[in-house]
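Data from query-v3.cif: mmCIF, C-alpha atoms and all ligand atoms
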```
data_target
loop_
_atom_site.label_atom_id
_atom_site.label_comp_id
_atom_site.auth_asym_id
_atom_site.auth_seq_id
_atom_site.Cartn_x
_atom_site.Cartn_y
_atom_site.Cartn_z
CA MET A 195 -52.57 -180.09 -47.34
CA THR A 196 -51.23 -176.63 -48.12
CA GLU A 197 -50.82 -177.36 -51.83
CA ALA A 198 -54.55 -177.49 -52.61
CA ALA A 199 -56.71 -174.39 -52.92
CA SER A 200 -58.95 -173.98 -49.90
CA PRO A 201 -62.54 -175.04 -50.68
CA HIS A 202 -64.10 -172.45 -48.38
CA VAL A 203 -61.92 -169.34 -48.50
CA MET A 204 -62.58 -166.98 -51.42
CA ASN A 205 -60.01 -167.31 -54.14
CA THR A 206 -58.58 -163.78 -54.00
CA TYR A 207 -54.83 -164.34 -53.79
CA GLY A 208 -52.21 -166.20 -55.77
CA ARG A 209 -50.83 -167.77 -52.62
CA VAL A 210 -47.40 -169.27 -52.00
CA PRO A 211 -48.18 -172.91 -51.09
CA ILE A 212 -46.99 -172.79 -47.50
CA ALA A 213 -48.85 -172.24 -44.22
CA LEU A 214 -47.02 -170.47 -41.42
CA SER A 215 -47.38 -171.65 -37.88
CA HIS A 216 -45.31 -169.41 -35.60
CA GLY A 217 -42.45 -166.96 -35.51
CA ARG A 218 -39.71 -165.45 -33.41
CA GLY A 219 -37.90 -162.27 -34.32
CA ALA A 220 -37.28 -162.21 -38.07
CA ARG A 221 -37.84 -165.99 -38.40
CA VAL A 222 -41.04 -167.91 -39.06
CA TRP A 223 -41.76 -171.62 -39.28
CA ASP A 224 -44.36 -173.38 -41.38
CA VAL A 225 -46.68 -176.16 -40.25
CA ASP A 226 -44.14 -178.74 -41.45
CA GLY A 227 -41.37 -177.20 -39.32
CA LYS A 228 -39.44 -175.54 -42.16
CA GLU A 229 -37.74 -172.27 -41.17
CA TYR A 230 -37.84 -169.01 -43.16
CA LEU A 231 -36.10 -165.66 -42.88
CA ASP A 232 -38.87 -163.05 -43.07
CA ALA A 233 -37.94 -160.19 -45.40
CA LEU A 234 -41.58 -159.24 -46.00
CA ALA A 235 -43.01 -158.77 -42.47
CA GLY A 236 -46.55 -159.50 -43.63
CA ILE A 237 -46.21 -156.64 -46.16
CA ALA A 238 -44.63 -154.04 -43.88
CA VAL A 239 -46.93 -154.95 -40.98
CA ASN A 240 -44.85 -156.90 -38.43
CA THR A 241 -42.73 -153.92 -37.40
CA LEU A 242 -41.31 -155.74 -34.36
CA GLY A 243 -41.02 -159.10 -36.08
CA HIS A 244 -42.77 -162.04 -34.46
CA GLY A 245 -43.32 -162.94 -30.80
CA HIS A 246 -41.53 -159.80 -29.59
CA PRO A 247 -40.71 -160.35 -25.87
CA LYS A 248 -41.91 -156.86 -24.92
CA LEU A 249 -45.02 -156.75 -27.13
CA VAL A 250 -46.44 -160.19 -26.33
CA PRO A 251 -46.97 -159.67 -22.57
CA ALA A 252 -48.47 -156.21 -23.18
CA LEU A 253 -51.00 -157.62 -25.64
CA GLN A 254 -51.75 -160.57 -23.35
CA ASP A 255 -52.42 -158.11 -20.54
CA GLN A 256 -54.75 -156.06 -22.75
CA VAL A 257 -56.65 -159.09 -24.08
CA ALA A 258 -57.35 -160.12 -20.49
CA LYS A 259 -58.54 -156.60 -19.57
CA LEU A 260 -60.61 -155.31 -22.50
CA ILE A 261 -60.45 -156.09 -26.22
CA HIS A 262 -63.34 -153.98 -27.47
CA CYS A 263 -65.99 -151.69 -26.09
CA SER A 264 -67.23 -149.50 -29.05
CA ASN A 265 -66.89 -145.79 -29.61
CA TYR A 266 -69.99 -145.12 -27.52
CA TYR A 267 -67.46 -144.68 -24.72
CA HIS A 268 -64.17 -142.91 -24.20
CA VAL A 269 -61.20 -145.17 -24.89
CA PRO A 270 -58.17 -143.88 -22.94
CA GLY A 271 -55.79 -145.71 -25.29
CA GLN A 272 -57.04 -143.56 -28.18
CA GLU A 273 -55.92 -140.39 -26.42
CA GLN A 274 -52.59 -142.01 -25.53
CA LEU A 275 -51.83 -143.17 -29.09
CA ALA A 276 -53.18 -139.99 -30.66
CA ALA A 277 -50.95 -137.86 -28.41
CA LYS A 278 -47.95 -139.94 -29.48
CA LEU A 279 -48.78 -139.71 -33.20
CA VAL A 280 -49.28 -135.96 -32.84
CA GLU A 281 -45.88 -135.66 -31.16
CA LEU A 282 -44.13 -137.70 -33.85
CA SER A 283 -45.84 -136.06 -36.84
CA GLY A 284 -46.23 -132.45 -35.73
CA LEU A 285 -49.91 -132.68 -36.70
CA THR A 286 -52.80 -132.21 -34.27
CA ASN A 287 -55.65 -134.76 -34.30
CA VAL A 288 -56.25 -138.43 -35.10
CA PHE A 289 -59.17 -140.62 -36.22
CA PHE A 290 -58.71 -144.37 -35.68
CA CYS A 291 -59.89 -147.16 -37.95
CA SER A 292 -58.69 -150.70 -38.68
CA THR A 293 -57.06 -150.85 -42.13
CA GLY A 294 -55.21 -148.81 -44.73
CA LEU A 295 -58.09 -148.47 -47.13
CA GLU A 296 -60.31 -147.21 -44.33
CA ALA A 297 -57.72 -144.59 -43.40
CA ASN A 298 -57.59 -143.50 -47.05
CA GLU A 299 -61.37 -143.58 -47.36
CA ALA A 300 -61.54 -141.23 -44.36
CA ALA A 301 -58.94 -138.95 -45.98
CA LEU A 302 -60.98 -138.79 -49.20
CA LYS A 303 -64.12 -137.96 -47.21
CA LEU A 304 -62.22 -135.24 -45.34
CA ALA A 305 -61.11 -133.70 -48.63
CA ARG A 306 -64.60 -133.78 -50.11
CA LYS A 307 -66.19 -132.28 -47.01
CA TRP A 308 -63.50 -129.61 -46.88
CA GLY A 309 -64.60 -128.72 -50.43
CA HIS A 310 -68.29 -128.76 -49.62
CA ASP A 311 -67.69 -126.58 -46.56
CA LYS A 312 -66.09 -124.03 -48.94
CA GLY A 313 -69.03 -124.21 -51.36
CA ILE A 314 -67.40 -126.59 -53.87
CA ALA A 315 -70.23 -128.93 -54.88
CA ARG A 316 -68.13 -131.34 -56.98
CA PRO A 317 -64.71 -131.49 -55.35
CA GLN A 318 -61.79 -133.07 -57.22
CA ILE A 319 -58.68 -134.74 -55.81
CA VAL A 320 -55.34 -135.10 -57.58
CA VAL A 321 -53.97 -138.66 -57.54
CA TYR A 322 -50.98 -140.34 -59.18
CA GLU A 323 -50.04 -142.86 -61.82
CA LYS A 324 -49.04 -146.25 -60.30
CA ALA A 325 -50.51 -145.25 -56.93
CA PHE A 326 -52.07 -147.83 -54.62
CA HIS A 327 -54.57 -146.72 -52.00
CA GLY A 328 -56.66 -149.83 -51.33
CA ARG A 329 -59.48 -151.91 -52.73
CA SER A 330 -62.72 -150.27 -51.62
CA ILE A 331 -64.65 -148.70 -54.49
CA ALA A 332 -63.35 -145.19 -53.70
CA THR A 333 -59.77 -146.17 -52.93
CA LEU A 334 -59.47 -148.43 -55.98
CA SER A 335 -60.70 -145.47 -58.02
CA ALA A 336 -57.87 -143.38 -56.55
CA THR A 337 -55.43 -146.22 -57.30
CA GLY A 338 -53.43 -145.89 -60.53
CA ASN A 339 -53.52 -149.52 -61.62
CA GLU A 340 -55.98 -150.90 -64.17
CA LYS A 341 -55.60 -154.43 -62.83
CA VAL A 342 -56.97 -153.28 -59.48
CA GLN A 343 -59.86 -151.41 -61.14
CA LYS A 344 -60.81 -153.89 -63.87
CA GLY A 345 -64.28 -155.35 -63.42
CA PHE A 346 -65.38 -152.88 -60.75
CA GLY A 347 -66.60 -149.90 -62.75
CA PRO A 348 -68.19 -147.46 -62.73
CA LEU A 349 -65.35 -145.92 -60.77
CA VAL A 350 -65.86 -143.13 -58.27
CA GLU A 351 -65.51 -139.78 -60.01
CA GLY A 352 -63.67 -136.71 -58.83
CA PHE A 353 -60.05 -137.76 -59.39
CA ILE A 354 -57.46 -136.11 -61.62
CA ARG A 355 -54.42 -138.27 -62.36
CA VAL A 356 -50.87 -136.99 -62.81
CA PRO A 357 -47.37 -138.55 -63.09
CA GLN A 358 -44.93 -138.61 -60.15
CA ASN A 359 -42.27 -135.95 -59.67
CA ASP A 360 -43.50 -133.57 -62.39
CA ILE A 361 -44.59 -130.24 -60.93
CA ALA A 362 -45.33 -128.79 -64.39
CA ALA A 363 -47.72 -131.67 -65.09
CA LEU A 364 -49.47 -131.04 -61.77
CA ARG A 365 -49.84 -127.34 -62.56
CA ARG A 366 -51.14 -128.11 -66.07
CA ALA A 367 -53.65 -130.71 -64.88
CA THR A 368 -55.17 -128.32 -62.34
CA GLU A 369 -54.84 -125.03 -64.27
CA GLY A 370 -57.82 -122.76 -63.65
CA ASN A 371 -59.80 -125.58 -62.00
CA PRO A 372 -61.61 -124.18 -58.94
CA ASP A 373 -62.91 -127.61 -57.89
CA VAL A 374 -59.55 -129.08 -56.83
CA VAL A 375 -59.45 -129.60 -53.06
CA ALA A 376 -56.51 -131.91 -52.39
CA VAL A 377 -53.39 -133.66 -53.66
CA PHE A 378 -53.07 -137.28 -52.51
CA PHE A 379 -50.06 -139.58 -52.88
CA GLU A 380 -47.67 -142.04 -51.23
CA THR A 381 -44.25 -140.60 -50.37
CA ILE A 382 -42.81 -143.88 -51.67
CA GLN A 383 -45.23 -145.95 -53.73
CA GLY A 384 -45.23 -149.49 -52.34
CA GLU A 385 -47.41 -151.71 -54.55
CA GLY A 386 -46.49 -149.52 -57.54
CA GLY A 387 -42.87 -150.69 -57.32
CA ILE A 388 -41.00 -148.66 -54.64
CA ASN A 389 -41.17 -145.37 -56.52
CA GLY A 390 -40.19 -142.39 -54.38
CA MET A 391 -41.26 -138.78 -54.57
CA ARG A 392 -38.19 -136.54 -54.77
CA ALA A 393 -37.66 -134.21 -51.80
CA GLU A 394 -37.68 -131.16 -54.07
CA TYR A 395 -40.99 -132.24 -55.61
CA LEU A 396 -42.52 -132.75 -52.16
CA ARG A 397 -41.54 -129.21 -51.18
CA GLU A 398 -42.93 -127.81 -54.44
CA VAL A 399 -46.25 -129.60 -53.96
CA ARG A 400 -46.43 -128.39 -50.37
CA ALA A 401 -45.94 -124.81 -51.58
CA LEU A 402 -48.51 -125.22 -54.36
CA CYS A 403 -51.07 -126.61 -51.90
CA ASP A 404 -50.51 -123.60 -49.63
CA GLU A 405 -50.81 -121.20 -52.55
CA ARG A 406 -54.05 -122.75 -53.83
CA GLY A 407 -55.66 -123.69 -50.53
CA TRP A 408 -55.56 -127.44 -51.19
CA LEU A 409 -55.07 -130.17 -48.63
CA LEU A 410 -51.82 -132.13 -48.96
CA MET A 411 -52.74 -135.74 -48.11
CA ILE A 412 -49.89 -138.23 -47.86
CA ASP A 413 -50.63 -141.96 -47.72
CA GLU A 414 -47.93 -143.31 -45.38
CA VAL A 415 -49.68 -146.65 -44.92
CA GLN A 416 -46.68 -148.62 -46.22
CA CYS A 417 -43.72 -146.21 -46.07
CA GLY A 418 -44.57 -144.73 -42.66
CA MET A 419 -44.01 -145.90 -39.08
CA GLY A 420 -40.23 -145.85 -39.14
CA ARG A 421 -39.70 -148.05 -42.17
CA THR A 422 -37.50 -145.53 -44.01
CA GLY A 423 -35.53 -144.50 -40.92
CA LYS A 424 -37.76 -141.55 -40.04
CA TRP A 425 -41.20 -141.92 -38.45
CA PHE A 426 -42.80 -140.81 -41.69
CA ALA A 427 -41.09 -140.88 -45.08
CA HIS A 428 -42.12 -137.32 -46.03
CA GLN A 429 -40.10 -136.06 -43.05
CA TRP A 430 -36.93 -136.63 -45.10
CA ALA A 431 -38.08 -133.62 -47.19
CA GLY A 432 -38.80 -131.49 -44.12
CA ILE A 433 -42.46 -130.99 -45.01
CA GLN A 434 -45.73 -131.69 -43.22
CA PRO A 435 -48.95 -132.92 -44.82
CA ASP A 436 -52.42 -131.77 -43.79
CA VAL A 437 -53.73 -135.34 -43.72
CA MET A 438 -51.76 -138.56 -43.24
CA PRO A 439 -53.35 -142.03 -43.40
CA LEU A 440 -51.43 -144.74 -41.53
CA ALA A 441 -52.00 -148.47 -41.02
CA LYS A 442 -49.82 -151.54 -41.76
CA GLY A 443 -46.86 -151.25 -39.32
CA LEU A 444 -48.64 -149.15 -36.71
CA GLY A 445 -49.84 -152.11 -34.62
CA SER A 446 -47.07 -154.58 -35.39
CA GLY A 447 -49.66 -157.07 -36.67
CA VAL A 448 -52.82 -156.12 -34.83
CA PRO A 449 -55.23 -154.55 -37.37
CA ILE A 450 -55.17 -150.76 -36.99
CA GLY A 451 -55.45 -147.67 -39.15
CA ALA A 452 -55.30 -143.97 -38.39
CA VAL A 453 -55.81 -140.67 -40.13
CA VAL A 454 -53.59 -138.00 -38.65
CA ALA A 455 -54.64 -134.44 -39.48
CA GLY A 456 -53.07 -131.02 -39.12
CA PRO A 457 -54.87 -127.77 -38.17
CA ARG A 458 -56.54 -127.28 -41.57
CA ALA A 459 -58.15 -130.74 -41.57
CA ALA A 460 -58.52 -131.55 -37.87
CA HIS A 461 -62.01 -130.11 -37.44
CA ILE A 462 -63.68 -130.98 -40.75
CA PHE A 463 -65.44 -134.04 -39.34
CA GLN A 464 -68.13 -133.35 -36.77
CA PRO A 465 -70.17 -135.91 -34.80
CA GLY A 466 -72.14 -138.04 -37.23
CA ASN A 467 -69.86 -137.47 -40.23
CA HIS A 468 -67.73 -140.59 -39.88
CA GLY A 469 -67.30 -143.66 -37.75
CA THR A 470 -66.41 -147.33 -37.49
CA THR A 471 -67.22 -150.12 -35.06
CA PHE A 472 -63.77 -151.67 -34.60
CA GLY A 473 -61.65 -148.53 -35.03
CA GLY A 474 -59.81 -147.36 -31.94
CA ASN A 475 -60.58 -150.43 -29.85
CA PRO A 476 -58.49 -150.92 -26.69
CA LEU A 477 -56.50 -153.85 -28.09
CA ALA A 478 -55.48 -152.02 -31.26
CA MET A 479 -54.63 -148.88 -29.28
CA ARG A 480 -52.42 -150.86 -26.89
CA ALA A 481 -50.68 -152.46 -29.87
CA GLY A 482 -49.98 -149.02 -31.36
CA VAL A 483 -48.79 -147.48 -28.10
CA GLU A 484 -46.51 -150.42 -27.29
CA THR A 485 -45.16 -150.69 -30.84
CA ILE A 486 -44.03 -147.06 -30.77
CA ARG A 487 -42.68 -147.34 -27.24
CA ILE A 488 -40.59 -150.40 -28.12
CA MET A 489 -39.38 -148.79 -31.35
CA GLU A 490 -38.14 -145.82 -29.32
CA GLU A 491 -36.60 -147.95 -26.58
CA ASP A 492 -34.80 -150.19 -29.03
CA GLY A 493 -33.68 -147.50 -31.49
CA LEU A 494 -35.46 -149.11 -34.43
CA LEU A 495 -35.52 -146.00 -36.63
CA ALA A 496 -31.75 -145.87 -36.65
CA ASN A 497 -31.68 -149.63 -37.15
CA ALA A 498 -33.98 -149.38 -40.19
CA ALA A 499 -31.70 -146.75 -41.70
CA THR A 500 -28.40 -148.56 -41.14
CA VAL A 501 -29.53 -152.11 -41.84
CA GLY A 502 -31.46 -150.86 -44.89
CA GLU A 503 -28.36 -149.18 -46.24
CA HIS A 504 -26.33 -152.33 -45.61
CA LEU A 505 -28.95 -154.46 -47.38
CA ARG A 506 -29.10 -152.14 -50.40
CA GLY A 507 -25.31 -152.06 -50.53
CA LEU A 508 -25.11 -155.87 -50.53
CA LEU A 509 -27.72 -156.14 -53.28
CA GLN A 510 -25.87 -153.54 -55.29
CA ARG A 511 -22.58 -155.39 -54.85
CA GLU A 512 -23.99 -158.84 -55.68
CA LEU A 513 -26.50 -157.95 -58.40
CA GLY A 514 -26.27 -154.26 -59.30
CA HIS A 515 -23.79 -154.83 -62.10
CA LEU A 516 -26.05 -157.23 -64.03
CA PRO A 517 -27.54 -155.61 -67.14
CA ALA A 518 -30.95 -157.17 -66.37
CA VAL A 519 -31.04 -155.39 -62.99
CA ARG A 520 -32.48 -152.01 -63.89
CA GLU A 521 -32.30 -150.35 -60.48
CA ILE A 522 -31.96 -151.06 -56.77
CA ARG A 523 -33.82 -148.34 -54.89
CA GLY A 524 -35.72 -147.41 -51.78
CA GLN A 525 -35.01 -146.02 -48.35
CA GLY A 526 -34.34 -147.75 -45.06
CA LEU A 527 -36.03 -151.15 -44.97
CA MET A 528 -38.28 -150.43 -47.96
CA ILE A 529 -36.28 -151.75 -50.88
CA GLY A 530 -37.10 -152.53 -54.49
CA MET A 531 -34.94 -154.19 -57.11
CA GLU A 532 -36.36 -153.68 -60.59
CA LEU A 533 -35.52 -156.32 -63.19
CA ASP A 534 -35.99 -156.04 -66.94
CA ARG A 535 -38.60 -158.83 -66.96
CA PRO A 536 -41.55 -160.17 -64.93
CA CYS A 537 -40.12 -162.10 -61.98
CA GLY A 538 -43.06 -163.30 -59.88
CA VAL A 539 -41.64 -166.84 -59.86
CA LEU A 540 -38.91 -165.64 -57.52
CA VAL A 541 -41.39 -165.47 -54.63
CA GLY A 542 -41.94 -169.24 -54.61
CA ARG A 543 -38.30 -170.04 -55.29
CA ALA A 544 -37.17 -167.80 -52.43
CA ALA A 545 -39.70 -169.49 -50.11
CA ASP A 546 -38.34 -172.90 -51.16
CA ALA A 547 -34.89 -171.59 -50.26
CA GLY A 548 -36.12 -170.32 -46.87
CA LEU A 549 -36.70 -166.62 -47.56
CA LEU A 550 -39.95 -164.65 -47.64
CA ILE A 551 -40.04 -161.77 -50.15
CA SER A 552 -42.55 -160.28 -52.54
CA VAL A 553 -42.61 -159.17 -56.16
CA THR A 554 -44.73 -156.16 -57.03
CA ALA A 555 -45.56 -154.31 -60.25
CA ASP A 556 -44.53 -157.55 -62.07
CA THR A 557 -40.83 -156.73 -62.26
CA VAL A 558 -39.84 -155.40 -58.84
CA VAL A 559 -38.44 -157.66 -56.11
CA ARG A 560 -39.61 -156.00 -52.91
CA LEU A 561 -38.04 -156.34 -49.46
CA LEU A 562 -39.92 -155.04 -46.41
CA PRO A 563 -38.27 -156.80 -43.45
CA PRO A 564 -39.28 -156.21 -39.84
CA LEU A 565 -37.48 -153.20 -38.37
CA ILE A 566 -35.62 -155.50 -35.95
CA PHE A 567 -33.68 -156.94 -38.94
CA THR A 568 -29.94 -157.13 -38.21
CA LYS A 569 -26.94 -156.77 -40.51
CA ALA A 570 -26.46 -160.53 -40.20
CA ASP A 571 -30.08 -161.04 -41.32
CA ALA A 572 -29.42 -158.73 -44.28
CA GLU A 573 -26.36 -160.80 -45.22
CA GLU A 574 -28.31 -164.03 -44.97
CA CYS A 575 -31.12 -162.53 -47.04
CA VAL A 576 -28.82 -161.51 -49.89
CA GLY A 577 -26.94 -164.79 -49.54
CA ILE A 578 -30.16 -166.62 -50.41
CA LEU A 579 -31.59 -164.14 -52.88
CA ALA A 580 -28.59 -163.28 -55.04
CA PRO A 581 -27.93 -166.81 -56.43
CA LEU A 582 -31.66 -167.25 -57.12
CA VAL A 583 -31.78 -164.01 -59.09
CA ARG A 584 -28.60 -164.86 -61.01
CA ALA A 585 -29.96 -168.30 -61.91
CA PHE A 586 -33.32 -166.81 -62.91
CA LEU A 587 -31.72 -164.22 -65.17
CA ALA A 588 -29.57 -166.91 -66.83
CA GLU A 589 -32.63 -168.99 -67.83
C1 LIG B 601 -51.52 -151.63 -48.21
C2 LIG B 601 -51.80 -150.24 -48.59
C3 LIG B 601 -53.08 -149.70 -48.53
C4 LIG B 601 -54.30 -150.53 -48.17
O1 LIG B 601 -54.22 -151.02 -46.88
P1 LIG B 601 -55.22 -152.21 -46.44
O2 LIG B 601 -54.97 -152.34 -44.97
O3 LIG B 601 -54.84 -153.40 -47.24
O4 LIG B 601 -56.59 -151.75 -46.74
C5 LIG B 601 -53.25 -148.37 -48.82
N1 LIG B 601 -52.21 -147.59 -49.17
C6 LIG B 601 -50.96 -148.07 -49.25
C7 LIG B 601 -49.85 -147.17 -49.61
C8 LIG B 601 -50.71 -149.41 -48.98
O5 LIG B 601 -49.47 -149.90 -49.08
#
```
Could you write out this structure as C-alpha cells?
Amino acid sequence: MTEAASPHVMNTYGRVPIALSHGRGARVWDVDGKEYLDALAGIAVNTLGHGHPKLVPALQDQVAKLIHCSNYYHVPGQEQLAAKLVELSGLTNVFFCSTGLEANEAALKLARKWGHDKGIARPQIVVYEKAFHGRSIATLSATGNEKVQKGFGPLVEGFIRVPQNDIAALRRATEGNPDVVAVFFETIQGEGGINGMRAEYLREVRALCDERGWLLMIDEVQCGMGRTGKWFAHQWAGIQPDVMPLAKGLGSGVPIGAVVAGPRAAHIFQPGNHGTTFGGNPLAMRAGVETIRIMEEDGLLANAATVGEHLRGLLQRELGHLPAVREIRGQGLMIGMELDRPCGVLVGRAADAGLLISVTADTVVRLLPPLIFTKADAEECVGILAPLVRAFLAE
C-alpha cells in the first residue's frame, strides 16, 4: 500500500516508501510494525521526540479546553510564550504564525516597512548563497537555490545576494547603496548543507548593521530552539539580532511559527499591517510553552551539546578518515556529513536498516535527532549508518 504514489495527494515530495504509525521517544514504528531510530525528528521539529510523557497530557488538556479562537480575542498563551521567548532571546516582542515561511515572510515585511517608514521607497535586503527561507513566492526569492526557484518566476525583487562568511563581499555588494534595509541569513544553513556562519563574521555583520542602520534578521527556524546546545545558534557568537524568525522545533510537532523582534523592529507593525488566522492559537501556544518548560526541566540544551559532540566524534572516528568524506560538521544535534558525491540513495537504505535520516544539498547526510537523543542512541545511529556509508562509497 505504501509503495504506490497516492492518487489524491499532490506529488510534491520524493517520499521514502514507508508510512509511520506511532512513536515513543526517539523511536517510531511504521504501519507494518517495523521499528526505526529517528535521527531526523520530522526535520528538526519533534524536539521532545514522540509521545513525550509530559507533553502529551498537556496537549490533551488543551485540546479539551480550547484549540482555536482567532486573534479577535486576547490569547493568554501568547503572552506566556512571548514572555518566555523574550527572556531566552533578550529581544522584546513576538508575532505568532504557524510555519517557518510565514515567520520569514513577516520578517521580510518588517524590513520593507522599516525602510518605507524611513522614506526608502524600494527597500533592498541582503540574502545569502545556498540559503533556504521557505517556498512562498517571497521566501523562495530570498532562498539561494535555483531548484527551489525554477518555474516560479518572476521572482520578488529587492534582494542582494552575497556569499557566506565574507565581510568584504558584503561591504562591496552594498557599497553606497542607500536602499539597503536589512541583512537576512540562517546562523547555520540547514537545507543548504549545514553551513555555519563563523562567530567572527556574525560579530562583524552585527557591527556593520549598527553602523549603517540596517536590521539584522536571523532565520533560526531550523538551527534555533536548543538544537545547537544554546537556545539560539547565534548566541554562540554573543550577538543579538533585531529580528528572529522561529518555527520547526518550537512546538515539538504542533505547527507554530514566531517572529521575535528587538527594540528597533518591535513597533514597526501596527494594527492592520499583518495577521494570520491560525497564528497564536491556544493549542500552538500551549505546545510552545510546554516544550520550553520540559526542555528546561530535563536539561535538553546540555543534552543536545554533549550527545551532539559524541555523535560527531563517532562519525569522525568511523568515517572521517575516508577520502570520500569531505567534512563532518555542525553543532549540537545539527550535523552534516558531506560526501564527494550525490548520496540521496542513503535515505532509503538507512530506512531499510531501521534509521531515519535525510540527505540535503545532494551530497550532505544530515542528522537532526530529537533533543532527547541519548549517547546510546547516537551509538546505535552510527552503528547503522557507518556500514551503509562504507558500502555505498565502495560501489
Ligand atoms: C524549514 C525552514 C524554513 C521553512 O519552514 P516551513 O515551516 O517549511 O515553511 C525556513 N527557514 C529555514 C531555515 C528552514 O529550515
Inset, instruction - Return as a list in words the residues of protein, DNA or RNA that approach ligand LIG 601 (chain B) to within 6 Å, with only C-alpha atoms and all ligand atoms taken into account. - result: Thr293, Gly294, Leu295, Phe326, His327, Gly328, Glu380, Gly384, Asp413, Val415 and Gln416 of chain A
Legend entry - Contacts of Asn467 (chain A) at 12 Å (all atoms listed in the file; same-chain gap of 4+ positions) as an MDAnalysis selection string: chainID A and resid 289 300 303:304 306:307 461:463
Legend entry - Selection: 9 Å around Gln358 (chain A), only C-alpha atoms, excl. self and same-chain fewer than 2 positions, as number ranges by chain: A: 322-324, 356, 360-361, 363-364, 379, 389-392, 395
Restricted to C-alpha atoms, what would the selected residues look like written as a PDB file, keeping the file's coordinate frame?
```
ATOM      1  CA  TYR A 322     -50.980-140.340 -59.180  1.00  0.00           C
ATOM      2  CA  GLU A 323     -50.040-142.860 -61.820  1.00  0.00           C
ATOM      3  CA  LYS A 324     -49.040-146.250 -60.300  1.00  0.00           C
ATOM      4  CA  VAL A 356     -50.870-136.990 -62.810  1.00  0.00           C
ATOM      5  CA  ASP A 360     -43.500-133.570 -62.390  1.00  0.00           C
ATOM      6  CA  ILE A 361     -44.590-130.240 -60.930  1.00  0.00           C
ATOM      7  CA  ALA A 363     -47.720-131.670 -65.090  1.00  0.00           C
ATOM      8  CA  LEU A 364     -49.470-131.040 -61.770  1.00  0.00           C
ATOM      9  CA  PHE A 379     -50.060-139.580 -52.880  1.00  0.00           C
ATOM     10  CA  ASN A 389     -41.170-145.370 -56.520  1.00  0.00           C
ATOM     11  CA  GLY A 390     -40.190-142.390 -54.380  1.00  0.00           C
ATOM     12  CA  MET A 391     -41.260-138.780 -54.570  1.00  0.00           C
ATOM     13  CA  ARG A 392     -38.190-136.540 -54.770  1.00  0.00           C
ATOM     14  CA  TYR A 395     -40.990-132.240 -55.610  1.00  0.00           C
TER      15      TYR A 395
END
```
Legend entry - Nearest to Gly338 (chain A) by atom-to-atom distance, counting only C-alpha atoms, from A:Arg458, A:Val374, A:Ala555, A:Val257: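 Looking at the shortest contact to Gly338 (chain A), the residue is A:Ala555.
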Inset, instruction - For CA of Leu234 (chain A) and CA of Leu527 (chain A), determine how far apart the two atoms are, in Å to one decimal place. - result: 9.9 Å
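The nearest approach to Asp404 (chain A) among the residues A:Gln383, A:Gln434, A:Thr554, A:Gln274, with only C-alpha atoms taken into account, belongs to A:Gln434.
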Inset, instruction - Check the smallest atom-to-atom distance from each of A:Arg316, A:Arg523, A:Lys278, A:His268 to Gly474 (chain A) using all atoms listed in the file, then report the winner. - result: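 Selected residue with least distance to Gly474 (chain A): A:His268.
What separates CA of Leu494 (chain A) from CA of Glu414 (chain A) is a distance of 17.6 Å.
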Inset, instruction - Could you tell me which of A:Glu281, A:Arg209, A:Ala301, A:Ile314 comes closest to Leu440 (chain A) if we count all atoms listed in the file? - result: A:Ala301
Inset, instruction - For each of A:Pro317, A:Gly370, A:Gly284, A:Gly407, take the minimum atom-to-atom distance to Phe426 (chain A), counting only C-alpha atoms, then give the residue where this is smallest. - result: A:Gly284
Inset, instruction - Find the residues around Val553 (chain A) up to 8 Å (only C-alpha atoms counted), leave out those fewer than 2 positions away in its own chain, and share them as a PyMOL selection string. - result: chain A and resi 537-538+540-541+551+555-560
Inset, instruction - Please indicate the distance in Å from CA of Ile529 (chain A) to CA of Ala545 (chain A), rounded to one decimal place. - result: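 We find that CA of Ile529 (chain A) and CA of Ala545 (chain A) lie 18.1 Å from each other.
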Legend entry - Counting all atoms listed in the file, the residue of A:Val269, A:Cys291, A:Ala367, A:Val250 that sits nearest Thr470 (chain A):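 Closest residue, counting all atoms listed in the file: A:Cys291.
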Legend entry - Contacts of region 340-350 of chain A within 9 Å, all atoms listed in the file, excl. fewer than 5 positions in-chain, as a list of chain:residue names: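 What passes the distance filter is A:Phe326, A:Gly328, A:Arg329, A:Ile331, A:Ala332, A:Thr333, A:Leu334, A:Ser335.
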Inset, instruction - Excluding Ala460 (chain A) and residues on its chain fewer than 2 positions from it, collect all residues at most 9 Å away from it, counting only C-alpha atoms, and give them as a list in words. - result: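 Neighbouring residues, sequence-local ones excluded: Leu285, Thr286, Asn287, Val288, Asp436, Val437, Val454, Ala455, Gly456, Pro457, Arg458, Ile462 and Phe463 of chain A.
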Would you kindly place N, CA, C and O atoms on region 418-423 of chain A and return the model as an mmCIF file, keeping the file's coordinate frame?
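New file rebuild_9.cif:
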```cif
data_model
loop_
_atom_site.group_PDB
_atom_site.id
_atom_site.type_symbol
_atom_site.label_atom_id
_atom_site.label_comp_id
_atom_site.auth_asym_id
_atom_site.auth_seq_id
_atom_site.Cartn_x
_atom_site.Cartn_y
_atom_site.Cartn_z
ATOM 1 N N GLY A 418 -44.649 -145.413 -43.958
ATOM 2 C CA GLY A 418 -44.570 -144.730 -42.660
ATOM 3 C C GLY A 418 -44.168 -145.654 -41.525
ATOM 4 O O GLY A 418 -43.753 -146.787 -41.739
ATOM 5 N N MET A 419 -44.300 -145.169 -40.313
ATOM 6 C CA MET A 419 -44.010 -145.900 -39.080
ATOM 7 C C MET A 419 -42.570 -146.432 -39.018
ATOM 8 O O MET A 419 -42.340 -147.586 -38.640
ATOM 9 N N GLY A 420 -41.641 -145.566 -39.386
ATOM 10 C CA GLY A 420 -40.230 -145.850 -39.140
ATOM 11 C C GLY A 420 -39.523 -146.644 -40.218
ATOM 12 O O GLY A 420 -38.296 -146.799 -40.179
ATOM 13 N N ARG A 421 -40.270 -147.136 -41.172
ATOM 14 C CA ARG A 421 -39.700 -148.050 -42.170
ATOM 15 C C ARG A 421 -38.520 -147.440 -42.934
ATOM 16 O O ARG A 421 -37.552 -148.122 -43.258
ATOM 17 N N THR A 422 -38.580 -146.142 -43.224
ATOM 18 C CA THR A 422 -37.500 -145.530 -44.010
ATOM 19 C C THR A 422 -36.382 -144.970 -43.135
ATOM 20 O O THR A 422 -35.418 -144.421 -43.649
ATOM 21 N N GLY A 423 -36.546 -145.068 -41.808
ATOM 22 C CA GLY A 423 -35.530 -144.500 -40.920
ATOM 23 C C GLY A 423 -35.962 -143.186 -40.297
ATOM 24 O O GLY A 423 -35.285 -142.646 -39.430
#
```
